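*Asks:* Structure file query-v1.cif, mmCIF, C-alpha atoms, is pasted below:
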data_work
#
loop_
_atom_site.label_atom_id
_atom_site.label_comp_id
_atom_site.auth_asym_id
_atom_site.auth_seq_id
_atom_site.Cartn_x
_atom_site.Cartn_y
_atom_site.Cartn_z
CA MET A 28 0.00 0.00 0.00
CA ASP A 29 2.87 2.40 0.81
CA GLN A 30 4.30 1.94 -2.70
CA THR A 31 0.85 2.52 -4.22
CA ASN A 32 0.41 5.74 -2.22
CA GLU A 33 3.91 6.89 -3.21
CA LEU A 34 3.30 6.21 -6.91
CA PHE A 35 -0.09 7.89 -6.74
CA GLN A 36 1.34 11.02 -5.11
CA SER A 37 4.28 11.11 -7.54
CA LEU A 38 1.88 11.04 -10.49
CA ILE A 39 -0.12 13.93 -9.03
CA LEU A 40 3.11 15.90 -8.50
CA LEU A 41 4.13 15.11 -12.09
CA ILE A 42 0.87 16.61 -13.35
CA ARG A 43 1.38 19.69 -11.19
CA THR A 44 4.89 20.06 -12.61
CA LEU A 45 3.53 19.84 -16.16
CA ARG A 46 0.92 22.48 -15.27
CA GLY A 47 3.40 24.69 -13.39
CA ASP A 48 5.23 27.81 -14.52
CA ASN A 49 8.17 25.84 -15.89
CA GLY A 50 6.04 23.04 -17.25
CA CYS A 51 4.73 22.10 -20.68
CA PRO A 52 2.84 24.78 -22.68
CA TRP A 53 0.41 22.16 -24.04
CA ASP A 54 -0.43 20.79 -20.57
CA GLN A 55 -0.70 24.30 -19.14
CA LYS A 56 -3.42 25.34 -21.58
CA GLN A 57 -5.62 22.26 -21.14
CA THR A 58 -9.09 22.58 -19.60
CA THR A 59 -11.68 20.04 -18.52
CA GLU A 60 -13.48 20.88 -21.76
CA SER A 61 -10.44 20.25 -23.98
CA LEU A 62 -9.67 16.95 -22.23
CA LYS A 63 -13.06 15.42 -23.01
CA VAL A 64 -12.01 14.19 -26.43
CA TYR A 65 -8.90 12.52 -25.00
CA LEU A 66 -10.92 10.89 -22.23
CA GLN A 67 -13.32 9.44 -24.78
CA GLN A 68 -10.44 8.24 -26.93
CA GLU A 69 -8.56 6.60 -24.05
CA PHE A 70 -11.72 4.96 -22.72
CA GLN A 71 -12.41 3.49 -26.14
CA GLU A 72 -8.83 2.23 -26.39
CA LEU A 73 -9.19 0.57 -22.99
CA MET A 74 -12.42 -1.11 -24.14
CA GLU A 75 -10.62 -2.42 -27.23
CA ALA A 76 -7.74 -3.72 -25.10
CA LEU A 77 -10.23 -5.53 -22.85
CA GLU A 78 -11.88 -7.06 -25.90
CA GLU A 79 -8.49 -8.27 -27.12
CA LYS A 80 -7.75 -9.65 -23.63
CA SER A 81 -4.23 -8.26 -23.92
CA SER A 82 -2.81 -7.76 -20.41
CA GLU A 83 -0.04 -5.52 -21.75
CA LYS A 84 -2.47 -3.23 -23.62
CA ILE A 85 -4.97 -3.21 -20.74
CA GLN A 86 -2.24 -2.07 -18.36
CA GLU A 87 -1.09 0.66 -20.77
CA GLU A 88 -4.57 1.98 -21.51
CA MET A 89 -5.60 1.91 -17.84
CA GLY A 90 -2.53 4.03 -17.11
CA ASP A 91 -3.43 6.54 -19.80
CA LEU A 92 -7.00 6.82 -18.53
CA ILE A 93 -5.96 7.15 -14.88
CA PHE A 94 -3.51 9.90 -15.87
CA LEU A 95 -6.26 11.87 -17.62
CA LEU A 96 -8.68 11.43 -14.71
CA LEU A 97 -6.03 12.78 -12.33
CA PHE A 98 -5.39 15.60 -14.81
CA VAL A 99 -9.08 16.57 -14.68
CA ALA A 100 -9.02 16.43 -10.88
CA GLU A 101 -5.94 18.67 -10.77
CA ILE A 102 -7.62 21.29 -12.98
CA ALA A 103 -10.68 21.15 -10.70
CA ARG A 104 -8.41 21.64 -7.66
CA GLU A 105 -6.77 24.66 -9.29
CA GLN A 106 -10.21 26.17 -9.87
CA GLY A 107 -11.31 25.47 -6.31
CA ASP A 108 -14.04 23.02 -7.34
CA PHE A 109 -12.83 19.78 -5.76
CA SER A 110 -9.67 17.71 -5.29
CA ILE A 111 -8.74 14.12 -6.06
CA GLU A 112 -9.04 13.51 -2.30
CA ASP A 113 -12.69 14.62 -2.50
CA VAL A 114 -13.27 12.23 -5.40
CA LEU A 115 -11.70 9.27 -3.59
CA GLU A 116 -13.49 10.04 -0.32
CA ASN A 117 -16.87 10.33 -2.04
CA VAL A 118 -16.55 7.06 -3.94
CA LYS A 119 -15.22 5.28 -0.83
CA GLU A 120 -18.20 6.44 1.24
CA LYS A 121 -20.59 5.50 -1.53
CA MET A 122 -19.23 1.97 -1.84
CA ILE A 123 -19.32 1.47 1.96
CA ARG A 124 -22.89 2.76 2.03
CA ARG A 125 -23.93 0.41 -0.76
CA HIS A 126 -22.33 -2.67 0.84
CA PRO A 127 -24.02 -2.88 4.26
CA HIS A 128 -23.72 -6.67 4.07
CA VAL A 129 -19.93 -6.22 4.18
CA PHE A 130 -19.41 -3.04 6.24
CA GLY A 131 -22.62 -3.18 8.29
CA ASN A 132 -24.93 -5.67 9.95
CA LEU A 133 -27.19 -6.52 7.01
CA GLU A 134 -27.48 -10.24 6.30
CA VAL A 135 -28.06 -11.44 2.74
CA LYS A 136 -28.48 -14.95 1.39
CA ASN A 137 -27.66 -14.52 -2.29
CA ILE A 138 -26.58 -12.12 -5.05
CA SER A 139 -30.21 -11.38 -5.94
CA GLN A 140 -30.76 -9.90 -2.47
CA ILE A 141 -27.56 -7.87 -2.81
CA ARG A 142 -28.79 -6.39 -6.09
CA LYS A 143 -32.22 -5.55 -4.63
CA ASN A 144 -30.66 -3.88 -1.63
CA TRP A 145 -28.21 -1.97 -3.87
CA LYS A 146 -31.17 -0.63 -5.83
CA LYS A 147 -33.00 0.41 -2.63
CA ILE A 148 -29.93 2.26 -1.39
CA LYS A 149 -29.55 4.04 -4.74
CA GLU A 150 -33.22 5.06 -4.62
CA LYS A 151 -32.73 6.43 -1.10
CA GLU A 152 -29.70 8.40 -2.31
CA LYS A 153 -31.80 9.84 -5.11
CA LEU A 154 -34.45 11.02 -2.63
CA LEU A 155 -31.79 12.80 -0.63
CA ALA A 156 -30.38 14.43 -3.75
CA SER A 157 -32.04 17.31 -5.58
CA GLN A 158 -34.97 16.27 -7.74
CA GLN A 159 -34.01 15.86 -11.38
CA THR A 160 -35.91 14.92 -14.52
CA LEU A 161 -34.95 12.08 -16.84
CA MET A 162 -33.55 14.68 -19.24
CA ASP A 163 -31.36 16.15 -16.49
CA LYS A 164 -29.93 12.72 -15.67
CA LEU A 165 -29.21 11.67 -19.26
CA PRO A 166 -25.50 10.74 -19.50
CA ARG A 167 -24.75 12.90 -22.54
CA HIS A 168 -21.09 11.87 -22.82
CA LEU A 169 -22.05 8.31 -23.71
CA PRO A 170 -22.37 7.35 -27.39
CA VAL A 171 -25.90 8.10 -28.62
CA LEU A 172 -26.91 4.43 -28.83
CA LEU A 173 -25.95 3.95 -25.19
CA GLN A 174 -27.82 7.14 -24.25
CA ALA A 175 -30.90 5.61 -25.87
CA TYR A 176 -30.26 2.28 -24.10
CA TRP A 177 -29.96 4.10 -20.76
CA ALA A 178 -33.18 6.07 -21.40
CA MET A 179 -35.08 2.90 -22.35
CA ARG A 180 -33.93 1.20 -19.15
CA LYS A 181 -35.03 4.15 -17.02
CA VAL A 182 -38.42 4.35 -18.75
CA ASP A 183 -38.93 0.62 -18.23
CA GLU A 184 -38.05 0.98 -14.54
CA MET A 185 -40.64 3.76 -14.27
CA GLY A 186 -43.26 1.42 -15.74
CA LEU A 187 -43.93 3.67 -18.73
CA ASN A 188 -43.14 1.00 -21.33
CA GLU A 189 -45.77 -1.71 -21.35
CA GLY A 190 -45.20 -5.29 -22.46
CA GLY A 191 -42.12 -7.33 -23.16
CA LEU A 192 -40.29 -8.67 -26.19
CA PRO A 193 -43.38 -9.64 -28.29
CA GLU A 194 -44.89 -6.17 -27.85
CA ALA A 195 -41.56 -4.52 -28.64
CA MET A 196 -41.31 -6.61 -31.81
CA GLU A 197 -44.79 -5.47 -32.87
CA LYS A 198 -43.81 -1.88 -32.13
CA ALA A 199 -40.71 -2.23 -34.33
CA ILE A 200 -42.81 -3.66 -37.19
CA HIS A 201 -45.29 -0.81 -36.76
CA GLU A 202 -42.52 1.82 -36.85
CA MET A 203 -41.01 0.16 -39.92
CA GLU A 204 -44.37 0.36 -41.69
CA LYS A 205 -44.70 4.07 -40.86
CA PHE A 206 -41.19 4.64 -42.19
CA ARG A 207 -42.01 2.73 -45.39
CA LYS A 208 -45.21 4.76 -45.96
CA SER A 209 -43.35 8.03 -45.47
CA LEU A 210 -40.84 7.04 -48.14
CA ALA A 211 -43.61 5.85 -50.47
CA ASN A 212 -45.35 9.22 -50.08
CA GLY A 213 -42.12 11.07 -50.87
CA ASP A 214 -42.19 12.78 -47.46
CA HIS A 215 -38.50 12.62 -46.60
CA GLU A 216 -38.82 14.84 -43.52
CA LYS A 217 -41.45 12.49 -42.11
CA ALA A 218 -39.31 9.51 -43.11
CA ARG A 219 -36.38 10.99 -41.18
CA TYR A 220 -38.61 11.37 -38.12
CA GLU A 221 -39.95 7.82 -38.40
CA LEU A 222 -36.43 6.43 -38.89
CA GLY A 223 -35.47 7.93 -35.55
CA ASP A 224 -38.46 6.27 -33.87
CA LEU A 225 -37.59 2.97 -35.54
CA LEU A 226 -33.99 3.09 -34.33
CA LEU A 227 -35.16 3.91 -30.80
CA THR A 228 -37.52 0.93 -30.89
CA LEU A 229 -34.67 -1.32 -31.99
CA VAL A 230 -32.60 -0.08 -29.06
CA ARG A 231 -35.42 -1.10 -26.71
CA LEU A 232 -35.39 -4.53 -28.34
CA SER A 233 -31.66 -4.78 -27.63
CA ARG A 234 -32.31 -3.84 -24.01
CA LEU A 235 -34.98 -6.52 -23.62
CA LEU A 236 -32.54 -9.01 -25.15
CA LYS A 237 -29.85 -7.77 -22.72
CA VAL A 238 -27.60 -6.91 -25.67
CA ASN A 239 -25.42 -3.79 -25.82
CA PRO A 240 -26.55 -1.94 -29.01
CA GLU A 241 -23.18 -0.26 -29.39
CA GLU A 242 -21.44 -3.64 -29.43
CA VAL A 243 -23.97 -5.14 -31.85
CA VAL A 244 -23.54 -2.29 -34.34
CA LYS A 245 -19.75 -2.40 -33.95
CA GLU A 246 -19.76 -6.13 -34.74
CA ALA A 247 -22.06 -5.60 -37.73
CA VAL A 248 -19.81 -2.84 -39.08
CA GLN A 249 -16.79 -5.11 -38.71
CA ARG A 250 -18.56 -7.93 -40.58
CA PHE A 251 -19.49 -5.49 -43.33
CA ILE A 252 -15.92 -4.19 -43.62
CA ASN A 253 -14.60 -7.75 -43.69
CA GLY A 254 -17.03 -8.55 -46.50
CA VAL A 255 -15.97 -5.51 -48.52
CA HIS A 256 -12.32 -6.40 -47.93
CA PHE A 257 -12.94 -9.94 -49.18
CA ILE A 258 -14.62 -8.67 -52.35
CA GLU A 259 -11.78 -6.20 -52.95
CA LYS A 260 -9.20 -8.97 -52.70
CA ASN A 261 -11.22 -11.74 -54.35
CA PRO A 262 -13.29 -10.80 -57.42
CA LEU A 263 -16.54 -12.74 -57.29
CA PRO A 264 -17.58 -15.28 -59.93
CA LYS A 265 -20.33 -13.99 -62.21
CA ASN A 266 -22.99 -16.16 -60.59
CA GLU A 267 -22.04 -15.22 -57.02
CA GLU A 268 -24.14 -12.63 -55.19
CA LYS A 269 -22.36 -9.84 -53.32
CA GLU A 270 -25.04 -10.04 -50.63
CA ASN A 271 -23.53 -13.35 -49.53
CA PHE A 272 -20.45 -11.47 -48.36
CA LEU A 273 -21.93 -8.17 -47.09
#
For the structure just supplied, provide its representation as structure tokens.
*Replies:*
Amino acid sequence: MDQTNELFQSLILLIRTLRGDNGCPWDQKQTTESLKVYLQQEFQELMEALEEKSSEKIQEEMGDLIFLLLFVAEIAREQGDFSIEDVLENVKEKMIRRHPHVFGNLEVKNISQIRKNWKKIKEKEKLLASQQTLMDKLPRHLPVLLQAYWAMRKVDEMGLNEGGLPEAMEKAIHEMEKFRKSLANGDHEKARYELGDLLLTLVRLSRLLKVNPEEVVKEAVQRFINGVHFIEKNPLPKNEEKENFL
């Protein structure tokens, strides 16, 4: 633990040196706003490393992401907003609060009970916090498909979406028909609107199937690219359909 604390403090001091008077001009001019793009990039690279199950890459990308998170905390400290100590203390207290079966006297029999209790504690925390609408809570820094997935989950939890998978399938078919009619009528503005509704319905389907829509689309894009690459490298026989490879 002492070595961890020492390394942690040395990294914070390194960031302060980079931001200091004799530091790096690029680091000195960074803001929390300008760092957002790098945070998104490093998070995506960590996700890719996890997918590849490469310990070396995971370690590297975790380091890059931790560095940027500490960088953001240092900027916040400079501005008097909060410090990395505040961040660590808040998350420590939250995790202790949400694990009363470990740090308290609550007895649980299985993981299902742990999840139910976790949800109750989160709901209690929400009541103590300022009241916010669904729009206020929307995690806007997530990719749009995951924003939609998050919104669908919240709406389902509120009981505003009725039915399960069969009803969602019917809804998707209905939205597809409205989209088709809009195109047939030459109303491209209406078609654009209906396409949005159709995509949102498909995201709800992915939620009901417990499938990450971002991952599904990523995999589909990769299959498509692989198919195009195959066609580029291997001209198809005359009787072979391109659809078999795309």
*Asks:* Provide the atom CA of Asp91 of chain A to atom CA of Asp48 of chain A distance in Å, to one decimal place.
*Replies:*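 So the answer is 23.6 Å.
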*Asks:* So how many Å separate atom CA of Phe130 of chain A and atom CA of Ile93 of chain A, to one decimal?
*Replies:*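 Between these atoms lies a distance of 27.0 Å.
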*Asks:* Please evaluate the PyMOL selection byres ((chain A and resi 219) around 12) against the displayed coordinates and give the resulting residues as a PyMOL selection string.
*Replies:* chain A and resi 202-203+205-210+213-218+220-226
*Asks:* Rounded to one decimal in Å, what is the spacing between atom CA of Glu88 of chain A and atom CA of Leu66 of chain A?
*Replies:*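 Interatomic distance here is 11.0 Å.
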*Asks:* Go through A:Arg231, A:Asn239, A:Leu92, A:Phe35 one by one, measure the shortest atom-to-atom distance of each to Glu189 of chain A using all atoms listed in the file, and give the residue with the smallest value.
*Replies:*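 Once distances to Glu189 of chain A are computed over all atoms listed in the file, the minimum belongs to A:Arg231.
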*Asks:* With distances taken over only C-alpha atoms, which of A:Phe98, A:Phe251, A:Phe109, A:Phe70 is nearest to Thr58 of chain A?
*Replies:* A:Phe98
*Asks:* Expand the PyMOL selection byres ((chain A and resi 177) around 12) into the explicit residue set it covers here, and present it as a PyMOL selection string.
*Replies:* chain A and resi 161-162+164-176+178-184+227+230-231+233-234+239-241
*Asks:* Generate a file of the selected residues that holds C-alpha atoms, formatted as a compact mmCIF listing (two decimals), in the frame of the given file.
*Replies:*
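Printed below is again-v2.txt as written:
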# COMPACT_ATOMS: atom_id res chain seq x y z
CA LEU A 161 -34.95 12.08 -16.84
CA MET A 162 -33.55 14.68 -19.24
CA LYS A 164 -29.93 12.72 -15.67
CA LEU A 165 -29.21 11.67 -19.26
CA PRO A 166 -25.50 10.74 -19.50
CA ARG A 167 -24.75 12.90 -22.54
CA HIS A 168 -21.09 11.87 -22.82
CA LEU A 169 -22.05 8.31 -23.71
CA PRO A 170 -22.37 7.35 -27.39
CA VAL A 171 -25.90 8.10 -28.62
CA LEU A 172 -26.91 4.43 -28.83
CA LEU A 173 -25.95 3.95 -25.19
CA GLN A 174 -27.82 7.14 -24.25
CA ALA A 175 -30.90 5.61 -25.87
CA TYR A 176 -30.26 2.28 -24.10
CA ALA A 178 -33.18 6.07 -21.40
CA MET A 179 -35.08 2.90 -22.35
CA ARG A 180 -33.93 1.20 -19.15
CA LYS A 181 -35.03 4.15 -17.02
CA VAL A 182 -38.42 4.35 -18.75
CA ASP A 183 -38.93 0.62 -18.23
CA GLU A 184 -38.05 0.98 -14.54
CA LEU A 227 -35.16 3.91 -30.80
CA VAL A 230 -32.60 -0.08 -29.06
CA ARG A 231 -35.42 -1.10 -26.71
CA SER A 233 -31.66 -4.78 -27.63
CA ARG A 234 -32.31 -3.84 -24.01
CA ASN A 239 -25.42 -3.79 -25.82
CA PRO A 240 -26.55 -1.94 -29.01
CA GLU A 241 -23.18 -0.26 -29.39
*Asks:* With only C-alpha atoms as the basis for distance, which of A:Ile148, A:Asp54, A:Lys80, A:Leu95 is at the shortest distance from Gln67 of chain A?
*Replies:*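 Nearest candidate to Gln67 of chain A out of A:Ile148, A:Asp54, A:Lys80, A:Leu95: A:Leu95.
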*Asks:* Could you put an axis-aligned box around every listed atom of segment 174-178 of chain A, padded by 3 Å on each side, and send me its centre and edge lengths in Å to one decimal, as lines of an AutoDock Vina configuration file?
*Replies:*
center_x = -30.5
center_y = 4.7
center_z = -23.3
size_x = 11.4
size_y = 10.9
size_z = 11.1
*Asks:* Could you expand the PyMOL selection byres ((chain A and resi 96) around 12) into the explicit residues it covers here, written as a VMD selection string?
*Replies:* chain A and resid 38 to 39 42 59 62 to 63 65 to 67 69 to 70 89 to 95 97 to 103 110 to 111 114 to 115
*Asks:* The selected residues should be written to file as an mmCIF file, in the coordinates of the input (atoms: C-alpha atoms).
*Replies:*
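The resulting result-v5.cif:
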data_model
loop_
_atom_site.group_PDB
_atom_site.id
_atom_site.type_symbol
_atom_site.label_atom_id
_atom_site.label_comp_id
_atom_site.auth_asym_id
_atom_site.auth_seq_id
_atom_site.Cartn_x
_atom_site.Cartn_y
_atom_site.Cartn_z
ATOM 1 C CA LEU A 38 1.880 11.040 -10.490
ATOM 2 C CA ILE A 39 -0.120 13.930 -9.030
ATOM 3 C CA ILE A 42 0.870 16.610 -13.350
ATOM 4 C CA THR A 59 -11.680 20.040 -18.520
ATOM 5 C CA LEU A 62 -9.670 16.950 -22.230
ATOM 6 C CA LYS A 63 -13.060 15.420 -23.010
ATOM 7 C CA TYR A 65 -8.900 12.520 -25.000
ATOM 8 C CA LEU A 66 -10.920 10.890 -22.230
ATOM 9 C CA GLN A 67 -13.320 9.440 -24.780
ATOM 10 C CA GLU A 69 -8.560 6.600 -24.050
ATOM 11 C CA PHE A 70 -11.720 4.960 -22.720
ATOM 12 C CA MET A 89 -5.600 1.910 -17.840
ATOM 13 C CA GLY A 90 -2.530 4.030 -17.110
ATOM 14 C CA ASP A 91 -3.430 6.540 -19.800
ATOM 15 C CA LEU A 92 -7.000 6.820 -18.530
ATOM 16 C CA ILE A 93 -5.960 7.150 -14.880
ATOM 17 C CA PHE A 94 -3.510 9.900 -15.870
ATOM 18 C CA LEU A 95 -6.260 11.870 -17.620
ATOM 19 C CA LEU A 97 -6.030 12.780 -12.330
ATOM 20 C CA PHE A 98 -5.390 15.600 -14.810
ATOM 21 C CA VAL A 99 -9.080 16.570 -14.680
ATOM 22 C CA ALA A 100 -9.020 16.430 -10.880
ATOM 23 C CA GLU A 101 -5.940 18.670 -10.770
ATOM 24 C CA ILE A 102 -7.620 21.290 -12.980
ATOM 25 C CA ALA A 103 -10.680 21.150 -10.700
ATOM 26 C CA SER A 110 -9.670 17.710 -5.290
ATOM 27 C CA ILE A 111 -8.740 14.120 -6.060
ATOM 28 C CA VAL A 114 -13.270 12.230 -5.400
ATOM 29 C CA LEU A 115 -11.700 9.270 -3.590
#
